[in-house]
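Trainee: For reference, the structure I am asking about is given below.
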Amino acid sequence: MAITTEAFEYLDGSTLLRGQLACDDTWTDPRPGVLIAHTWAGCGPFEQGKAADIAELGYVALAVDMYGGGIVGHSTEENAKLMSVVLEDRSLLQRRMTAALDALKALPGVDSERTAAIGYCFGGLCVLDLARTGASFQAAVSFHGLLNPPGNIEVADVSPRVLVLHGWDDPMAKPDSVEALAEEFTRAGADWQVHAYGRTMHAFTNPEANNLDMGTVYNAQADRRSWNSMRQFLSDSFDLG
């Protein structure tokens with residue numbers, strides 16, 4: 001196996017988006033494709049590393065760019081400012097995710113009938129919103145994602161299977177928001193499941209997260225368990241046996 005990574009440019013209208021593509025270049029047959037939606041900081045080393053990890057599982061992975069130009073924040077203030085622009089315009093957010101999905105499906109090494117999207121923190125919300133649009137893909141996975149629903153669309157039909165991997169003590173997505181999400185996706189006819197990890201806060205998959213005041217704390221056990229759950233979920237969703 002030889003995992004290759006390279007910058008990947010695609011468009012949302014006239015806006016240039018700059019993500020990163022990862023795949024095993026020894027494979028010749030089309031394989032499932034997986035989007036990786038980033039945290040509030042932008043498409044940086046964390047997401048690019050996850051793309052390589054996903055590629056090692058046998059998928060084509062595309063770490064997406066939600067902000068444009070591949071811009072990445074370097075402080076809490078920068079991150080919040082970057083995220084707010086997209087978070088406050090959910091139609092823009094949904095359009096950016098749709099552009100990424102279309103770009104992934106168009107790649108010659110991707111089986112366009114077997115695609116998925118995973119996301120972290122802000123990226124978890126991006127993945128859930130992509131599912132809310134009625135987009136055609138097979139699996140949506142949110143890692144410690146924000147769960148608040150959009151106000152711009154009426155969610156009527158969620159096509160992909162949905163897996164929410166959630167820290168029960170996450171101050172940014174409290175238990176009532178988990179219940180609200182369950183009710184929302186049940187109304188939409190979704191095949192959904194939630195894995196909630198006790199004594200686990202926000203950002204539990206990020207080894208650099210260690211801010212009790214913000215409620216962002218790494219949890220190695222939840223990190224391992226959630227990754228294993230995602231692996232099985234993708235395999236089942238793609239009917240890989």
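Letters A, B, ... mark the chains of the structure tokens in the order given; residue numbers begin at 1 per chain; ligand numbers begin at 1, in order shown.
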I want to know what sits within 8 Å of segment 176-190 of chain A, based on only C-alpha atoms, with residues of the same chain fewer than 4 positions away left out; could you give that as a CSV table (one decimal) with N, CA, C and O atoms, in the first residue's frame?
Mentor:
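Result went into selection.csv, see below:
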```csv
chain,number,residue,atom,x,y,z
A,147,LEU,N,-25.0,20.3,16.8
A,147,LEU,CA,-26.2,19.6,16.4
A,147,LEU,C,-27.4,20.5,16.1
A,147,LEU,O,-28.5,20.0,15.6
A,148,ASN,N,-27.3,21.8,16.3
A,148,ASN,CA,-28.4,22.7,16.1
A,148,ASN,C,-28.9,22.7,14.6
A,148,ASN,O,-28.1,22.7,13.7
A,149,PRO,N,-30.2,22.5,14.4
A,149,PRO,CA,-30.7,22.4,13.1
A,149,PRO,C,-30.7,23.7,12.3
A,149,PRO,O,-30.7,24.8,12.9
A,155,VAL,N,-36.5,19.9,6.6
A,155,VAL,CA,-35.9,18.5,6.4
A,155,VAL,C,-37.0,17.5,6.2
A,155,VAL,O,-37.8,17.3,7.2
A,156,ALA,N,-37.1,16.9,5.1
A,156,ALA,CA,-38.1,16.0,4.7
A,156,ALA,C,-37.7,14.6,4.5
A,156,ALA,O,-38.4,13.7,4.8
A,157,ASP,N,-36.5,14.4,4.0
A,157,ASP,CA,-36.1,13.1,3.6
A,157,ASP,C,-34.5,13.0,3.7
A,157,ASP,O,-33.8,13.6,2.9
A,158,VAL,N,-34.0,12.3,4.7
A,158,VAL,CA,-32.6,12.1,4.9
A,158,VAL,C,-32.2,10.8,4.3
A,158,VAL,O,-32.6,9.7,4.7
A,159,SER,N,-31.4,10.8,3.2
A,159,SER,CA,-31.0,9.6,2.5
A,159,SER,C,-30.0,8.8,3.1
A,159,SER,O,-30.1,7.5,3.2
A,160,PRO,N,-28.8,9.3,3.6
A,160,PRO,CA,-27.8,8.5,4.2
A,160,PRO,C,-28.1,7.9,5.5
A,160,PRO,O,-28.9,8.5,6.3
A,161,ARG,N,-27.5,6.8,5.9
A,161,ARG,CA,-27.5,6.4,7.3
A,161,ARG,C,-26.7,7.4,8.1
A,161,ARG,O,-25.7,7.9,7.6
A,162,VAL,N,-27.1,7.6,9.3
A,162,VAL,CA,-26.4,8.6,10.1
A,162,VAL,C,-25.9,8.0,11.4
A,162,VAL,O,-26.6,7.3,12.1
```
Trainee: List every residue of segment 135-193 of chain A that DSSP, applied to the backbone of this structure, assigns to alpha helix (DSSP H), and report them as a list in words.
Mentor: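 Written out, the alpha helix (DSSP H) residues of segment 135-193 of chain A are Pro175, Asp176, Ser177, Val178, Glu179, Ala180, Leu181, Ala182, Glu183, Glu184, Phe185, Thr186 and Arg187 of chain A.
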Trainee: List every residue of segment 31-82 of chain A that DSSP, applied to the backbone, labels as strand (DSSP E or B), and write the result as a compact mmCIF listing (two decimals) with N, CA and C atoms, in the first residue's frame.
Mentor:
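This is the output file out.txt:
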```txt
# COMPACT_ATOMS: atom_id res chain seq x y z
N ARG A 31 -13.30 2.87 -5.97
CA ARG A 31 -13.58 2.51 -4.58
C ARG A 31 -14.44 3.60 -3.94
N PRO A 32 -15.03 3.32 -2.78
CA PRO A 32 -15.85 4.34 -2.12
C PRO A 32 -15.06 5.60 -1.79
N GLY A 33 -15.76 6.72 -1.80
CA GLY A 33 -15.14 8.00 -1.46
C GLY A 33 -15.72 8.56 -0.17
N VAL A 34 -14.85 9.23 0.59
CA VAL A 34 -15.26 9.78 1.89
C VAL A 34 -14.80 11.23 2.00
N LEU A 35 -15.73 12.13 2.31
CA LEU A 35 -15.40 13.51 2.63
C LEU A 35 -15.02 13.62 4.10
N ILE A 36 -14.08 14.52 4.41
CA ILE A 36 -13.74 14.84 5.80
C ILE A 36 -13.94 16.33 5.99
N ALA A 37 -14.94 16.71 6.80
CA ALA A 37 -15.24 18.12 7.05
C ALA A 37 -14.52 18.58 8.31
N VAL A 60 -11.08 6.49 -1.06
CA VAL A 60 -10.56 7.78 -1.53
C VAL A 60 -11.08 8.84 -0.57
N ALA A 61 -10.19 9.63 0.00
CA ALA A 61 -10.58 10.59 1.02
C ALA A 61 -10.31 12.01 0.54
N LEU A 62 -11.28 12.90 0.75
CA LEU A 62 -11.13 14.30 0.41
C LEU A 62 -11.42 15.15 1.64
N ALA A 63 -10.37 15.78 2.18
CA ALA A 63 -10.53 16.75 3.25
C ALA A 63 -11.00 18.05 2.62
```
Trainee: Show me, as number ranges by chain, the residues that have an atom within 7 Å of Cys23 of chain A when counting only C-alpha atoms, minus same-chain residues fewer than 6 positions from it.
Mentor: A: 3-5, 55, 59-61
Trainee: If you keep all heavy atoms, can you produce a file of those selected residues as a CSV table (one decimal), in the first residue's frame?
Mentor:
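So selection36.csv came out as:
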```
chain,number,residue,atom,x,y,z
A,3,ILE,N,0.1,5.3,0.2
A,3,ILE,CA,-0.9,6.3,0.4
A,3,ILE,C,-0.2,7.6,-0.2
A,3,ILE,O,0.8,8.0,0.3
A,3,ILE,CB,-1.3,6.6,1.8
A,3,ILE,CG1,-1.9,5.3,2.4
A,3,ILE,CG2,-2.3,7.7,1.9
A,3,ILE,CD1,-3.1,4.8,1.6
A,4,THR,N,-0.9,8.2,-1.1
A,4,THR,CA,-0.4,9.5,-1.7
A,4,THR,C,-1.4,10.6,-1.3
A,4,THR,O,-2.6,10.4,-1.2
A,4,THR,CB,-0.3,9.5,-3.2
A,4,THR,OG1,-1.6,9.2,-3.8
A,4,THR,CG2,0.6,8.3,-3.6
A,5,THR,N,-0.9,11.8,-1.0
A,5,THR,CA,-1.7,12.9,-0.7
A,5,THR,C,-1.3,14.1,-1.6
A,5,THR,O,-0.1,14.3,-2.0
A,5,THR,CB,-1.5,13.4,0.8
A,5,THR,OG1,-0.2,13.7,1.0
A,5,THR,CG2,-1.9,12.2,1.7
A,55,ALA,N,-7.8,6.9,3.9
A,55,ALA,CA,-7.3,6.2,2.7
A,55,ALA,C,-6.6,4.9,3.0
A,55,ALA,O,-6.7,3.9,2.2
A,55,ALA,CB,-6.2,7.2,2.0
A,59,TYR,N,-10.3,3.7,1.1
A,59,TYR,CA,-11.2,4.6,0.5
A,59,TYR,C,-10.4,5.8,-0.2
A,59,TYR,O,-9.3,6.0,0.2
A,59,TYR,CB,-12.2,5.2,1.5
A,59,TYR,CG,-12.9,4.2,2.3
A,59,TYR,CD1,-12.9,4.2,3.7
A,59,TYR,CD2,-13.7,3.2,1.7
A,59,TYR,CE1,-13.6,3.3,4.5
A,59,TYR,CE2,-14.4,2.3,2.4
A,59,TYR,CZ,-14.3,2.3,3.8
A,59,TYR,OH,-15.0,1.4,4.6
A,60,VAL,N,-11.1,6.5,-1.1
A,60,VAL,CA,-10.6,7.8,-1.5
A,60,VAL,C,-11.1,8.8,-0.6
A,60,VAL,O,-12.3,8.9,-0.3
A,60,VAL,CB,-11.0,8.1,-3.0
A,60,VAL,CG1,-10.5,9.5,-3.4
A,60,VAL,CG2,-10.5,7.0,-3.9
A,61,ALA,N,-10.2,9.6,0.0
A,61,ALA,CA,-10.6,10.6,1.0
A,61,ALA,C,-10.3,12.0,0.5
A,61,ALA,O,-9.2,12.3,0.0
A,61,ALA,CB,-9.8,10.3,2.3
```
Trainee: In terms of the shortest atom-to-atom distance over only C-alpha atoms, which of A:Val64, A:Gly151, A:Asn210, A:Ala139 is closest to Gln232 of chain A?
Mentor: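 Once distances to Gln232 of chain A are computed over only C-alpha atoms, the minimum belongs to A:Ala139.
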